[in-house]
Amino acid sequence: MSDLPQPERPKGAPLSEKNKNLLVRLGTALFLLPLVLYLLYRGGWFTAVLLSWGAASAAGEYVKITLKEVSPIGWLTIAMAGAMPFTVVWKPWEPAALVGGLIGVGIFSAWLWHLVKGPLLEAPTRVAHLVTALVYCGGGMTALMMVRTLPDGGWWVVCALVVTWMNDTTAYFSGRLFGKHKLYPA
């Protein structure tokens with residue numbers, strides 16, 4: 001470290017927005033981490049609930065970012081993404097068929113919605129975004145649920161989460177240190 005004196009924040013001065021954001025992230029992590037680890041440890045329906053919430057949240061965020069609004073077909077897509085991880089514990093011998101069926105219903109519903117309700121010129125792009133949300137978010141969490149059912153699967157899921165958390169943390173602090181512009185205005 002350098003021997004240069006660092007400016008001190010005056011007592012009672014408010015925190016910067018960056019530091020408030022960091023405190024919110026840390027508080028959320030400290031509160032949710034034990035719950036997440038407990039649900040992963042329990043397995044079965046407990047883990048399915050956790051991964052279902054994750055799939056629906058991710059699909060909802062993706063739909064809001066790409067389509068700027070959540071229409072009724074967007075809500076259906078979010079619900080189907082959230083339902084996908086449950087297929088692994090509901091019918092463990094055929095989750096791939098159930099997930100494939102949900103994706104098929106999602107594609108058909110999205111096309112039908114946009115053909116009837118419009119806008120017709122934007123239909124291919126909008127349907128592609130809805131299908132991407134369904135496959136990427138719902139399918140990804142379903143794959144993670146399948147890994148959890150394997151022998152020692154809980155440890156593999158925790159390993160995947162730790163790698164993801166470390167990646168996200170490194171990206172966050174790299175952005176704070178080196179970034180000048182946000183990638184996406186939040």
# chains A, B, ... in the order shown; residues from 1 in each chain; ligands from 1

$ residues_around --residues "stretch 108-123 of chain A" --least-positions-apart "4" --cutoff "9 Å" --atoms "only C-alpha atoms" --output "PyMOL selection string"
chain A and resi 73-74+76-77+103-104+127-128+130-131

$ write_last_selection --atoms "N, CA and C atoms" --output "compact mmCIF listing (two decimals), in the first residue's frame"
# COMPACT_ATOMS: atom_id res chain seq x y z
N ILE A 73 -48.72 -13.63 -22.37
CA ILE A 73 -47.91 -14.75 -22.86
C ILE A 73 -46.54 -14.76 -22.18
N GLY A 74 -46.06 -13.60 -21.78
CA GLY A 74 -44.82 -13.53 -21.01
C GLY A 74 -44.99 -14.17 -19.64
N LEU A 76 -47.15 -16.51 -18.93
CA LEU A 76 -47.23 -17.96 -19.17
C LEU A 76 -45.84 -18.56 -19.32
N THR A 77 -44.98 -17.87 -20.06
CA THR A 77 -43.60 -18.33 -20.24
C THR A 77 -42.88 -18.41 -18.90
N ILE A 103 -41.86 -26.97 -23.50
CA ILE A 103 -41.24 -26.10 -24.51
C ILE A 103 -42.11 -26.06 -25.77
N GLY A 104 -42.64 -27.21 -26.17
CA GLY A 104 -43.52 -27.23 -27.34
C GLY A 104 -44.77 -26.39 -27.13
N VAL A 127 -41.19 -13.99 -30.18
CA VAL A 127 -41.31 -15.43 -29.88
C VAL A 127 -39.94 -16.01 -29.54
N ALA A 128 -38.91 -15.60 -30.28
CA ALA A 128 -37.56 -16.09 -30.00
C ALA A 128 -37.13 -15.71 -28.58
N LEU A 130 -39.12 -15.19 -26.00
CA LEU A 130 -39.90 -15.99 -25.05
C LEU A 130 -39.38 -17.43 -24.98
N VAL A 131 -39.06 -18.01 -26.14
CA VAL A 131 -38.54 -19.37 -26.16
C VAL A 131 -37.16 -19.42 -25.50

$ residues_around --residues "stretch 29-36 of chain A" --least-positions-apart "4" --cutoff "9 Å" --atoms "only C-alpha atoms" --output "VMD selection string"
chain A and resid 24 to 25 40 to 41 47 50

$ write_last_selection --atoms "N, CA and C atoms" --output "PDB file, in the first residue's frame"
ATOM      1  N   VAL A  24     -26.447  -3.615   0.406  1.00  0.00           N
ATOM      2  CA  VAL A  24     -27.676  -4.362   0.114  1.00  0.00           C
ATOM      3  C   VAL A  24     -27.332  -5.762  -0.369  1.00  0.00           C
ATOM      4  N   ARG A  25     -26.347  -5.871  -1.248  1.00  0.00           N
ATOM      5  CA  ARG A  25     -25.930  -7.186  -1.749  1.00  0.00           C
ATOM      6  C   ARG A  25     -25.411  -8.075  -0.623  1.00  0.00           C
ATOM      7  N   LEU A  40     -30.999 -26.750  -0.683  1.00  0.00           N
ATOM      8  CA  LEU A  40     -30.163 -27.645  -1.488  1.00  0.00           C
ATOM      9  C   LEU A  40     -29.840 -28.925  -0.725  1.00  0.00           C
ATOM     10  N   TYR A  41     -29.563 -28.794   0.563  1.00  0.00           N
ATOM     11  CA  TYR A  41     -29.241 -29.956   1.382  1.00  0.00           C
ATOM     12  C   TYR A  41     -30.416 -30.934   1.464  1.00  0.00           C
ATOM     13  N   THR A  47     -35.489 -28.593  -2.981  1.00  0.00           N
ATOM     14  CA  THR A  47     -34.598 -28.046  -3.991  1.00  0.00           C
ATOM     15  C   THR A  47     -35.389 -27.615  -5.224  1.00  0.00           C
ATOM     16  N   LEU A  50     -36.705 -24.148  -4.709  1.00  0.00           N
ATOM     17  CA  LEU A  50     -35.635 -23.163  -4.865  1.00  0.00           C
ATOM     18  C   LEU A  50     -35.306 -22.927  -6.338  1.00  0.00           C
TER      19      LEU A  50
END

$ closest_residue --among "A:Phe173, A:Trp155, A:Tyr136, A:Phe86" --to "A:Ser52" --atoms "only C-alpha atoms"
A:Phe86

$ closest_residue --among "A:Val162, A:Leu23, A:Ala133, A:Ala171" --to "A:Glu61" --atoms "only C-alpha atoms"
A:Ala133
